[in-house]
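J.: Encoded as structure tokens, here's the structure I'll be asking about.
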Amino acid sequence: MKIAMIGLGRMGGNMARRLMEGGHEIVAFDRDADAVAKIVADGAEGAASLDEARGKLGSPAIWWVMLPAGAITEQTIGTIADAAQPGDIVIDGGNSFYKDDIRRAKALAEKQLHYVDVGTSGGVWGRERGYCMMIGGDNETIAHLDPIFETLAPGTGDIVRTPGRIADKVDQRAEKGYIHAGPAGSGHFVKMIHNGIEYGLMQAYAEGFDILKTKSSEILPEDERFDLNLTDIAEVWRRGSVISSWLLDLTAIALAKDEKLDQFSGHVADSGEGQWTIDAAMEEKVPANVLTASLFARYRSRVEHTYGDKVLSAMRFGFGGHVEMPQ
Ligand SMILES: O=C(CO)[C@H](O)[C@H](O)COP(=O)(O)O
């Protein structure tokens with residue numbers, strides 16, 4: 001299929017390249033002309049404007065917007081809506097707030113445009129490993145886009161079928177790494193909760209490693225102090241333990257490089273999903289003790305830094321290439 005990739009940053013650039021490797025054609029647009037030139041060298045067609053991009057696409061055109069959530073995404077989708085033709089499909093693959101999707105889907109439907117929201121997980125590793133996708137939109141449009149999702153997704157790989165799932169009775173797409181969650185907004189809603197959980201898991205590892213590290217502290221009686229090797233502890237937990245996970249793998253990588261994590265200030269940023277998850281919990285009156293505490297721990301990290309904050313930053317750098325603001 002032919003797809004316009006709008007936004008060629010850490011996510012969009014890699015996704016476009018994975019799509020090309022999977023046999024799709026890419027029309028690439030970014031405000032950064034160098035980013036466009038680089039992907040053109042890799043086989044994409046470049047476009048200097050969204051109007052020019054439309055001229056290089058078939059019908060219906062497929063527009064995949066891969067930009068930071070907020071004003072830039074909003075403005076770009078508005079410009080695409082002006083350049084698009086009836087029947088075109090606009091996909092927001094970033095981390096947008098799901099209520100914005102619901103609003104945009106209605107506004108675009110008035111122009112006979114289809115809107116699809118794709119919560120995309122996989123970070124900077126996705127080009128190689130594939131992207132887990134949580135998709136919202138109408139059935140017909142999602143079915144039309146299936147070859148794109150199939151190429152971006154990790155595929156079944158060597159993960160064995162979950163006991164209890166019966167092959168011909170379940171939606172096979174989930175086992176390939178993508179789901180059609182429901183109508184517009186539902187994809188980003190599921191991704192938002194994924195990120196809320198991510199905060200909680202990360203905080204649990206961060207606090208655990210901080211307690212391990214501080215076991216050598218002089219505030220403890222001398223015969224109760226242990227000088228523990230955190231790098232080896234992370235490593236051993238990766239192998240057969242109950243708490244093995246990709247976030248632990250990323251922690252182990254960071255510790256193996258520098259156990260002191262001097263690269264990180266301990267200031268931990270957030271992109272909004274954690275807060276939105278708590279907002280949803282409040283609206284639904286669902287207790288979310290751990291997720292709330294982990295969000296507040298990030299806020300606290302901006303006024304005083306612990307070693308645990310550095311562990312969080314190390315994981316964010318590992319999965320998303322996020323570089324923290326220096327203090
Ligand atoms: O979606 C992601 C990972 O799943 C992104 O890397 C996101 O930026 C992580 O959230 P935050 O920036 O708030 O830590």
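For the structure tokens, the naming scheme is as follows: chains receive sequential letters (A, B, ...) according to their order of presentation, residues are indexed from 1 within each chain, and ligands are indexed from 1 in presentation order.
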What's the 9 Å shell around A:Asp92, counting only C-alpha atoms, without same-chain residues fewer than 4 positions away, as a PyMOL selection string?
T.: chain A and resi 63-67+73+77+96+101+115-119
J.: Set out as JSON lines a contact list for chain A and ligand 1 with a cut-off of 7 Å, giving each residue of chain A that qualifies its closest atom pair and distance in Å to one decimal, counting only C-alpha atoms and all ligand atoms, ordered by chain and rising residue number.
T.:
```
{"residue": "A:Asn95", "atom": "CA", "partner": "ligand 1", "partner_atom_place_in_ligand_line": "1 (O)", "distance": 6.5}
{"residue": "A:Thr120", "atom": "CA", "partner": "ligand 1", "partner_atom_place_in_ligand_line": "1 (O)", "distance": 6.9}
{"residue": "A:Ser121", "atom": "CA", "partner": "ligand 1", "partner_atom_place_in_ligand_line": "4 (O)", "distance": 4.9}
{"residue": "A:Gly122", "atom": "CA", "partner": "ligand 1", "partner_atom_place_in_ligand_line": "4 (O)", "distance": 6.6}
{"residue": "A:Gly123", "atom": "CA", "partner": "ligand 1", "partner_atom_place_in_ligand_line": "6 (O)", "distance": 5.7}
{"residue": "A:Asn195", "atom": "CA", "partner": "ligand 1", "partner_atom_place_in_ligand_line": "4 (O)", "distance": 5.5}
{"residue": "A:Ala269", "atom": "CA", "partner": "ligand 1", "partner_atom_place_in_ligand_line": "12 (O)", "distance": 6.4}
{"residue": "A:Asp270", "atom": "CA", "partner": "ligand 1", "partner_atom_place_in_ligand_line": "13 (O)", "distance": 3.4}
{"residue": "A:Ser271", "atom": "CA", "partner": "ligand 1", "partner_atom_place_in_ligand_line": "13 (O)", "distance": 3.7}
{"residue": "A:Gly272", "atom": "CA", "partner": "ligand 1", "partner_atom_place_in_ligand_line": "13 (O)", "distance": 5.6}
{"residue": "A:Glu273", "atom": "CA", "partner": "ligand 1", "partner_atom_place_in_ligand_line": "13 (O)", "distance": 5.8}
{"residue": "A:Gly274", "atom": "CA", "partner": "ligand 1", "partner_atom_place_in_ligand_line": "13 (O)", "distance": 6.3}
{"residue": "A:Arg316", "atom": "CA", "partner": "ligand 1", "partner_atom_place_in_ligand_line": "14 (O)", "distance": 6.1}
{"residue": "A:Phe319", "atom": "CA", "partner": "ligand 1", "partner_atom_place_in_ligand_line": "6 (O)", "distance": 6.4}
{"residue": "A:Gly320", "atom": "CA", "partner": "ligand 1", "partner_atom_place_in_ligand_line": "6 (O)", "distance": 4.3}
```
J.: Could you write those residues out with all heavy atoms, as a short mmCIF file (atom, residue, chain, number, x, y, z; two decimals), in the first residue's frame?
T.:
```
data_model
loop_
_atom_site.label_atom_id
_atom_site.label_comp_id
_atom_site.auth_asym_id
_atom_site.auth_seq_id
_atom_site.Cartn_x
_atom_site.Cartn_y
_atom_site.Cartn_z
N ASN A 95 0.54 9.64 20.72
CA ASN A 95 -0.03 9.34 22.04
C ASN A 95 -1.12 10.37 22.38
O ASN A 95 -1.15 10.91 23.48
CB ASN A 95 1.05 9.37 23.12
CG ASN A 95 1.74 8.03 23.29
OD1 ASN A 95 1.18 6.97 22.95
ND2 ASN A 95 2.96 8.04 23.80
N THR A 120 0.48 3.18 19.82
CA THR A 120 1.62 2.43 19.28
C THR A 120 2.68 2.24 20.35
O THR A 120 3.20 3.22 20.87
CB THR A 120 2.24 3.21 18.09
OG1 THR A 120 1.18 3.63 17.22
CG2 THR A 120 3.23 2.38 17.32
N SER A 121 2.99 1.01 20.67
CA SER A 121 4.03 0.73 21.68
C SER A 121 5.16 -0.05 21.02
O SER A 121 4.92 -0.90 20.18
CB SER A 121 3.43 -0.08 22.84
OG SER A 121 4.40 -0.24 23.85
N GLY A 122 6.35 0.24 21.44
CA GLY A 122 7.50 -0.47 20.85
C GLY A 122 8.74 0.41 20.85
O GLY A 122 9.86 -0.07 20.77
N GLY A 123 8.49 1.73 20.94
CA GLY A 123 9.59 2.68 21.09
C GLY A 123 10.65 2.54 20.01
O GLY A 123 10.36 2.14 18.86
N ASN A 195 0.22 2.92 29.26
CA ASN A 195 1.27 3.81 29.76
C ASN A 195 1.11 4.08 31.25
O ASN A 195 2.10 4.21 31.97
CB ASN A 195 1.29 5.11 28.96
CG ASN A 195 2.01 4.94 27.64
OD1 ASN A 195 2.09 3.83 27.12
ND2 ASN A 195 2.53 6.01 27.09
N ALA A 269 10.59 13.19 33.40
CA ALA A 269 9.50 13.89 32.70
C ALA A 269 8.31 12.95 32.50
O ALA A 269 8.35 11.76 32.83
CB ALA A 269 10.01 14.39 31.36
N ASP A 270 7.23 13.48 31.98
CA ASP A 270 6.09 12.64 31.56
C ASP A 270 5.44 13.31 30.36
O ASP A 270 5.57 14.50 30.17
CB ASP A 270 5.08 12.47 32.70
CG ASP A 270 4.29 13.74 32.97
OD1 ASP A 270 4.86 14.67 33.57
OD2 ASP A 270 3.12 13.80 32.55
N SER A 271 4.76 12.48 29.56
CA SER A 271 4.15 13.04 28.34
C SER A 271 2.64 13.20 28.48
O SER A 271 1.98 13.55 27.51
CB SER A 271 4.46 12.13 27.14
OG SER A 271 5.83 11.86 27.08
N GLY A 272 2.08 12.90 29.62
CA GLY A 272 0.66 13.17 29.85
C GLY A 272 -0.21 11.95 30.11
O GLY A 272 -1.23 12.04 30.78
N GLU A 273 0.22 10.79 29.56
CA GLU A 273 -0.68 9.63 29.65
C GLU A 273 -0.94 9.18 31.09
O GLU A 273 -2.02 8.70 31.41
CB GLU A 273 -0.13 8.44 28.86
CG GLU A 273 -0.16 8.61 27.38
CD GLU A 273 1.15 9.17 26.86
OE1 GLU A 273 2.01 9.56 27.68
OE2 GLU A 273 1.29 9.24 25.65
N GLY A 274 0.08 9.33 31.94
CA GLY A 274 -0.09 8.94 33.35
C GLY A 274 -1.18 9.77 33.99
O GLY A 274 -2.07 9.25 34.68
N ARG A 316 13.32 4.98 30.45
CA ARG A 316 12.71 5.82 29.41
C ARG A 316 13.67 6.01 28.24
O ARG A 316 13.28 5.99 27.09
CB ARG A 316 12.31 7.20 29.98
CG ARG A 316 11.17 7.14 30.96
CD ARG A 316 10.73 8.52 31.43
NE ARG A 316 9.95 9.22 30.45
CZ ARG A 316 10.34 10.30 29.80
NH1 ARG A 316 11.55 10.81 29.99
NH2 ARG A 316 9.57 10.90 28.93
N PHE A 319 13.70 2.56 26.24
CA PHE A 319 12.63 2.17 25.32
C PHE A 319 12.24 3.27 24.36
O PHE A 319 11.77 3.01 23.26
CB PHE A 319 11.39 1.64 26.05
CG PHE A 319 10.71 2.57 27.03
CD1 PHE A 319 10.10 3.74 26.61
CD2 PHE A 319 10.67 2.26 28.37
CE1 PHE A 319 9.46 4.57 27.50
CE2 PHE A 319 10.04 3.09 29.28
CZ PHE A 319 9.45 4.24 28.85
N GLY A 320 12.43 4.55 24.77
CA GLY A 320 11.93 5.62 23.92
C GLY A 320 12.98 6.58 23.42
O GLY A 320 12.66 7.51 22.68
#
```
J.: Neighbouring residues of A:Arg127 were defined as those with any atom within 10 Å, considering only C-alpha atoms; residues of the same chain fewer than 4 positions away were excluded. Please report them as a compact mmCIF listing (two decimals) with N, CA and C atoms, in the first residue's frame.
T.:
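Final file, around22.txt:
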```txt
# COMPACT_ATOMS: atom_id res chain seq x y z
N ARG A 10 11.76 9.80 15.98
CA ARG A 10 12.22 8.46 16.44
C ARG A 10 11.21 7.38 16.09
N MET A 11 9.92 7.70 16.16
CA MET A 11 8.90 6.69 15.88
C MET A 11 8.56 6.66 14.38
N GLY A 12 8.15 7.82 13.84
CA GLY A 12 7.67 7.86 12.46
C GLY A 12 8.71 7.39 11.45
N GLY A 13 9.96 7.82 11.63
CA GLY A 13 11.02 7.44 10.70
C GLY A 13 11.21 5.93 10.68
N ASN A 14 11.26 5.34 11.87
CA ASN A 14 11.47 3.88 11.95
C ASN A 14 10.26 3.12 11.41
N MET A 15 9.05 3.64 11.68
CA MET A 15 7.86 2.94 11.19
C MET A 15 7.81 2.99 9.67
N ALA A 16 8.15 4.15 9.11
CA ALA A 16 8.17 4.26 7.65
C ALA A 16 9.17 3.27 7.05
N ARG A 17 10.32 3.14 7.70
CA ARG A 17 11.33 2.22 7.16
C ARG A 17 10.87 0.77 7.30
N ARG A 18 10.22 0.43 8.41
CA ARG A 18 9.71 -0.94 8.55
C ARG A 18 8.64 -1.22 7.47
N LEU A 19 7.82 -0.21 7.19
CA LEU A 19 6.79 -0.39 6.16
C LEU A 19 7.43 -0.61 4.80
N GLU A 21 10.41 -1.80 4.24
CA GLU A 21 11.03 -3.14 4.26
C GLU A 21 9.98 -4.23 4.03
N GLY A 122 6.35 0.24 21.44
CA GLY A 122 7.50 -0.47 20.85
C GLY A 122 8.74 0.41 20.85
N GLY A 123 8.49 1.73 20.94
CA GLY A 123 9.59 2.68 21.09
C GLY A 123 10.65 2.54 20.01
N TYR A 131 5.78 -3.32 16.24
CA TYR A 131 5.03 -2.41 17.13
C TYR A 131 3.75 -3.09 17.59
N LEU A 152 3.54 -3.67 10.36
CA LEU A 152 4.14 -2.96 11.51
C LEU A 152 4.21 -3.85 12.75
N ALA A 153 3.27 -4.77 12.89
CA ALA A 153 3.17 -5.58 14.12
C ALA A 153 4.33 -6.56 14.24
N PRO A 154 4.60 -7.04 15.46
CA PRO A 154 5.68 -8.00 15.65
C PRO A 154 5.40 -9.35 15.00
```
J.: Write out as JSON lines the residues of stretch 227-320 of chain A that have any atom within 12 Å of an atom of stretch 196-204 of chain A, one row each with the nearest atom pair and its distance in Å to one decimal, counting only C-alpha atoms, sorted by chain and then rising number.
T.:
```
{"residue": "A:Ile243", "atom": "CA", "partner": "A:Leu201", "partner_atom": "CA", "distance": 10.0}
{"residue": "A:Ser244", "atom": "CA", "partner": "A:Leu201", "partner_atom": "CA", "distance": 11.3}
{"residue": "A:Ser245", "atom": "CA", "partner": "A:Leu201", "partner_atom": "CA", "distance": 9.7}
{"residue": "A:Trp246", "atom": "CA", "partner": "A:Met202", "partner_atom": "CA", "distance": 10.6}
{"residue": "A:Leu247", "atom": "CA", "partner": "A:Met202", "partner_atom": "CA", "distance": 7.0}
{"residue": "A:Leu248", "atom": "CA", "partner": "A:Met202", "partner_atom": "CA", "distance": 8.6}
{"residue": "A:Asp249", "atom": "CA", "partner": "A:Met202", "partner_atom": "CA", "distance": 11.7}
{"residue": "A:Leu250", "atom": "CA", "partner": "A:Met202", "partner_atom": "CA", "distance": 10.5}
{"residue": "A:Thr251", "atom": "CA", "partner": "A:Met202", "partner_atom": "CA", "distance": 9.5}
{"residue": "A:Val268", "atom": "CA", "partner": "A:Tyr199", "partner_atom": "CA", "distance": 10.9}
{"residue": "A:Ala269", "atom": "CA", "partner": "A:Tyr199", "partner_atom": "CA", "distance": 11.2}
{"residue": "A:Asp270", "atom": "CA", "partner": "A:Tyr199", "partner_atom": "CA", "distance": 9.3}
{"residue": "A:Ser271", "atom": "CA", "partner": "A:Gly196", "partner_atom": "CA", "distance": 11.0}
{"residue": "A:Gly272", "atom": "CA", "partner": "A:Gly196", "partner_atom": "CA", "distance": 9.6}
{"residue": "A:Glu273", "atom": "CA", "partner": "A:Gly196", "partner_atom": "CA", "distance": 6.4}
{"residue": "A:Gly274", "atom": "CA", "partner": "A:Gly196", "partner_atom": "CA", "distance": 4.7}
{"residue": "A:Gln275", "atom": "CA", "partner": "A:Gly196", "partner_atom": "CA", "distance": 8.0}
{"residue": "A:Trp276", "atom": "CA", "partner": "A:Gly196", "partner_atom": "CA", "distance": 8.3}
{"residue": "A:Thr277", "atom": "CA", "partner": "A:Gly196", "partner_atom": "CA", "distance": 5.7}
{"residue": "A:Ile278", "atom": "CA", "partner": "A:Gly196", "partner_atom": "CA", "distance": 7.9}
{"residue": "A:Asp279", "atom": "CA", "partner": "A:Gly196", "partner_atom": "CA", "distance": 10.8}
{"residue": "A:Ala280", "atom": "CA", "partner": "A:Gly196", "partner_atom": "CA", "distance": 10.5}
{"residue": "A:Ala281", "atom": "CA", "partner": "A:Gly196", "partner_atom": "CA", "distance": 10.4}
{"residue": "A:Ala288", "atom": "CA", "partner": "A:Gly196", "partner_atom": "CA", "distance": 9.7}
{"residue": "A:Asn289", "atom": "CA", "partner": "A:Gly200", "partner_atom": "CA", "distance": 9.5}
{"residue": "A:Val290", "atom": "CA", "partner": "A:Gly200", "partner_atom": "CA", "distance": 5.9}
{"residue": "A:Leu291", "atom": "CA", "partner": "A:Gly200", "partner_atom": "CA", "distance": 5.1}
{"residue": "A:Thr292", "atom": "CA", "partner": "A:Gly200", "partner_atom": "CA", "distance": 8.3}
{"residue": "A:Ala293", "atom": "CA", "partner": "A:Gly200", "partner_atom": "CA", "distance": 7.9}
{"residue": "A:Ser294", "atom": "CA", "partner": "A:Gly200", "partner_atom": "CA", "distance": 5.4}
{"residue": "A:Leu295", "atom": "CA", "partner": "A:Tyr199", "partner_atom": "CA", "distance": 6.8}
{"residue": "A:Phe296", "atom": "CA", "partner": "A:Tyr199", "partner_atom": "CA", "distance": 10.2}
{"residue": "A:Ala297", "atom": "CA", "partner": "A:Gln203", "partner_atom": "CA", "distance": 7.9}
{"residue": "A:Arg298", "atom": "CA", "partner": "A:Gln203", "partner_atom": "CA", "distance": 8.8}
{"residue": "A:Ser301", "atom": "CA", "partner": "A:Gln203", "partner_atom": "CA", "distance": 11.5}
{"residue": "A:Thr306", "atom": "CA", "partner": "A:Gln203", "partner_atom": "CA", "distance": 11.8}
{"residue": "A:Tyr307", "atom": "CA", "partner": "A:Gln203", "partner_atom": "CA", "distance": 11.6}
{"residue": "A:Gly308", "atom": "CA", "partner": "A:Gln203", "partner_atom": "CA", "distance": 7.8}
{"residue": "A:Asp309", "atom": "CA", "partner": "A:Gln203", "partner_atom": "CA", "distance": 8.5}
{"residue": "A:Lys310", "atom": "CA", "partner": "A:Gln203", "partner_atom": "CA", "distance": 10.9}
{"residue": "A:Val311", "atom": "CA", "partner": "A:Met202", "partner_atom": "CA", "distance": 8.3}
{"residue": "A:Leu312", "atom": "CA", "partner": "A:Met202", "partner_atom": "CA", "distance": 6.2}
{"residue": "A:Ser313", "atom": "CA", "partner": "A:Met202", "partner_atom": "CA", "distance": 9.6}
{"residue": "A:Ala314", "atom": "CA", "partner": "A:Met202", "partner_atom": "CA", "distance": 10.2}
{"residue": "A:Met315", "atom": "CA", "partner": "A:Met202", "partner_atom": "CA", "distance": 7.7}
{"residue": "A:Arg316", "atom": "CA", "partner": "A:Met202", "partner_atom": "CA", "distance": 9.1}
{"residue": "A:Phe319", "atom": "CA", "partner": "A:Glu198", "partner_atom": "CA", "distance": 11.2}
```
J.: So which residues of stretch 130-247 of chain A fall under alpha helix (DSSP H) by DSSP, listed as number ranges by chain?
T.: A: 139-144, 146-152, 172-176, 186-213, 230-237, 246-247
J.: State, in Å with one decimal place, the distance from atom CA of A:Glu140 to atom CA of A:Pro60.
T.: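 These two atoms are separated by 12.8 Å.
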J.: What parts of stretch 81-291 of chain A does DSSP call strand (DSSP E)? I'd like the answer as a list in words.
T.: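 Secondary structure check on stretch 81-291 of chain A, strand (DSSP E): Ile89, Val90, Ile91, Asp92, His114, Tyr115, Val116, Asp117, Val118, Gly119, Thr120, Ser121, Cys132, Met133, Met134, Ile135, Gly136, Tyr178, Ile179, His180, Ala181 and Gly182 of chain A.
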J.: Write the selection just made, keeping N, CA, C and O atoms, as a compact mmCIF listing (two decimals), in the first residue's frame?
T.:
```txt
# COMPACT_ATOMS: atom_id res chain seq x y z
N ILE A 89 -8.16 8.51 4.51
CA ILE A 89 -8.07 7.97 5.87
C ILE A 89 -6.95 8.70 6.61
O ILE A 89 -5.81 8.76 6.13
N VAL A 90 -7.27 9.25 7.77
CA VAL A 90 -6.28 9.95 8.59
C VAL A 90 -6.05 9.12 9.85
O VAL A 90 -6.99 8.83 10.59
N ILE A 91 -4.79 8.75 10.07
CA ILE A 91 -4.43 7.91 11.22
C ILE A 91 -3.57 8.74 12.16
O ILE A 91 -2.57 9.34 11.74
N ASP A 92 -3.94 8.80 13.42
CA ASP A 92 -3.07 9.42 14.42
C ASP A 92 -2.40 8.29 15.21
O ASP A 92 -3.05 7.60 16.00
N HIS A 114 -12.16 9.46 7.01
CA HIS A 114 -12.18 8.44 8.06
C HIS A 114 -11.02 8.69 9.02
O HIS A 114 -9.91 8.98 8.58
N TYR A 115 -11.30 8.55 10.29
CA TYR A 115 -10.28 8.82 11.31
C TYR A 115 -10.00 7.54 12.11
O TYR A 115 -10.93 6.85 12.54
N VAL A 116 -8.72 7.24 12.27
CA VAL A 116 -8.31 6.04 13.00
C VAL A 116 -7.25 6.45 14.02
O VAL A 116 -6.31 7.18 13.68
N ASP A 117 -7.43 6.01 15.27
CA ASP A 117 -6.39 6.30 16.27
C ASP A 117 -5.66 5.00 16.59
O ASP A 117 -6.27 3.96 16.81
N VAL A 118 -4.33 5.09 16.59
CA VAL A 118 -3.51 3.90 16.83
C VAL A 118 -2.56 4.19 17.99
O VAL A 118 -1.62 4.98 17.85
N GLY A 119 -2.81 3.57 19.12
CA GLY A 119 -1.85 3.61 20.23
C GLY A 119 -0.72 2.67 19.87
O GLY A 119 -0.95 1.48 19.60
N THR A 120 0.48 3.18 19.82
CA THR A 120 1.62 2.43 19.28
C THR A 120 2.68 2.24 20.35
O THR A 120 3.20 3.22 20.87
N SER A 121 2.99 1.01 20.67
CA SER A 121 4.03 0.73 21.68
C SER A 121 5.16 -0.05 21.02
O SER A 121 4.92 -0.90 20.18
N CYS A 132 3.48 -3.01 18.87
CA CYS A 132 2.19 -3.44 19.42
C CYS A 132 1.21 -2.28 19.21
O CYS A 132 1.53 -1.15 19.56
N MET A 133 0.06 -2.58 18.60
CA MET A 133 -0.86 -1.48 18.25
C MET A 133 -2.26 -1.72 18.79
O MET A 133 -2.79 -2.84 18.69
N MET A 134 -2.84 -0.66 19.33
CA MET A 134 -4.20 -0.66 19.86
C MET A 134 -4.99 0.34 19.03
O MET A 134 -4.68 1.53 19.05
N ILE A 135 -5.96 -0.15 18.27
CA ILE A 135 -6.54 0.63 17.17
C ILE A 135 -8.01 0.96 17.42
O ILE A 135 -8.78 0.08 17.83
N GLY A 136 -8.38 2.21 17.15
CA GLY A 136 -9.79 2.62 17.24
C GLY A 136 -10.26 3.14 15.90
O GLY A 136 -9.52 3.82 15.19
N TYR A 178 -1.68 -6.75 17.32
CA TYR A 178 -2.53 -5.56 17.18
C TYR A 178 -3.99 -5.94 17.41
O TYR A 178 -4.37 -7.08 17.17
N ILE A 179 -4.74 -4.98 17.92
CA ILE A 179 -6.17 -5.22 18.14
C ILE A 179 -6.98 -4.05 17.60
O ILE A 179 -6.52 -2.91 17.61
N HIS A 180 -8.18 -4.37 17.17
CA HIS A 180 -9.17 -3.33 16.91
C HIS A 180 -9.97 -3.22 18.20
O HIS A 180 -10.83 -4.05 18.48
N ALA A 181 -9.66 -2.17 18.98
CA ALA A 181 -10.24 -2.07 20.33
C ALA A 181 -11.70 -1.66 20.31
O ALA A 181 -12.48 -2.07 21.18
N GLY A 182 -12.10 -0.84 19.33
CA GLY A 182 -13.47 -0.33 19.29
C GLY A 182 -13.54 0.91 18.43
O GLY A 182 -12.70 1.11 17.54
```
J.: Pick the closest to A:Ala44 from A:Lys99, A:Arg238, A:Arg31, A:Lys2: which is it, counting only C-alpha atoms?
T.: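 Nearest candidate to A:Ala44 out of A:Lys99, A:Arg238, A:Arg31, A:Lys2: A:Lys2.
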